[in-house]
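Remarks on the structure that follows.
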Amino acid sequence: MIIQYPADLLAQVKAATAGRHLTGFTPGQGPRHPELMLIGEAPGRHEEKVNIPFSGASGQELMKLVESIGYSRQTVYITSVVRQRPYSIKQVRDKQSGKLVKKTPNRTPTKSEVRAFAPLFDWELHYVDPQVLVPLGNTALQRLLGPKANIGQLHGHLITAPIQEADPTGKGYRLSQHQYRIFPMYHPAAILYARRLQPTVEADWQRLGRFMQKLHC
């Protein structure tokens, strides 16, 4: 299932992000009422092209981990806290021609950009209604639990807590009344940049798999 977002929320996001270096729009994907909702940071260049979340190199690593505990792309819901690709603009000299060319590499979304997408993410979370939230990396984790949350400290551990929701005033966040099960994980890109993390990441996912088995006993 590719989610269809309410037009008024899309318009609200468009107004809040006007003039920012954001491009494309990659919707969340997966079944309603899944056991797991995987939450990334933002789409990358590959996701922007094909409109499928986590479909690039990081996505390949993520699917290996998902499948290692008995799930698949079809059985989990995948989204990000920002639905457009954040990019920066850089002038670099082409090695062959020597001319200056413009590049638009990926970048981490700003806190204000994450906040601009917050009402859309809140709606998506309530609509999808997953059993367990799996934030991948610090950006997703801090969107849920606030700026002091750190993936290096919380990865691979179950947290049951309220999460941040967009405050209706538009000025920040408030805590949800509902308590969520949250299982933070390193972003799969971490493995690509630091292979030494792979055993830790794999162990975290096995821990999640054991928890999900107990949850359904």
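Note on naming: chains are A, B, ... as they come in the structure tokens, residues start from 1 per chain, ligands start from 1 in the order shown.
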
Which residues are close to A:Asp122, i.e. within 12 Å by only C-alpha atoms, leaving aside same-chain residues fewer than 6 positions away? Reply as JSON, numbers by chain. {"A": [5, 9, 79, 80, 81, 82, 114, 115, 116, 128, 129, 143, 144, 163, 164, 165, 166, 167, 168, 173, 174, 175, 176]}

Produce a table with one row for each residue of stretch 33-139 of chain A that has an atom at most 8 Å from any atom of stretch 10-19 of chain A, each row naming the nearest atom pair and its distance in Å at one decimal; use only C-alpha atoms; arrange rows by chain and rising residue number; format as a tab-separated table.
residue	atom	partner	partner_atom	distance
A:Glu113	CA	A:Thr17	CA	6.9
A:Ala116	CA	A:Ala16	CA	5.6
A:Phe117	CA	A:Val13	CA	5.9
A:Leu120	CA	A:Leu10	CA	7.3

Restricting the output to N, CA and C atoms, write the selected residues as a PDB file, in the first residue's frame.
ATOM      1  N   GLU A 113      12.866  21.697   9.358  1.00  0.00           N
ATOM      2  CA  GLU A 113      12.271  20.901   8.281  1.00  0.00           C
ATOM      3  C   GLU A 113      11.546  19.683   8.840  1.00  0.00           C
ATOM      4  N   ALA A 116       8.349  20.935  10.168  1.00  0.00           N
ATOM      5  CA  ALA A 116       7.392  21.270   9.115  1.00  0.00           C
ATOM      6  C   ALA A 116       6.605  20.041   8.658  1.00  0.00           C
ATOM      7  N   PHE A 117       7.238  18.887   8.690  1.00  0.00           N
ATOM      8  CA  PHE A 117       6.570  17.641   8.282  1.00  0.00           C
ATOM      9  C   PHE A 117       5.858  16.945   9.441  1.00  0.00           C
ATOM     10  N   LEU A 120       2.113  15.922   9.203  1.00  0.00           N
ATOM     11  CA  LEU A 120       1.934  14.837   8.236  1.00  0.00           C
ATOM     12  C   LEU A 120       2.377  13.507   8.826  1.00  0.00           C
TER      13      LEU A 120
END

Atom CA of A:Leu65 to atom CA of A:Gln142: how many Å, to one decimal? 22.2 Å

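Summary of the local environment: counting only C-alpha atoms, residues at most 8 Å from A:Leu158, other than itself and those fewer than 5 positions away along its chain, are Arg181, Ile182, Phe183 and Pro184 of chain A.
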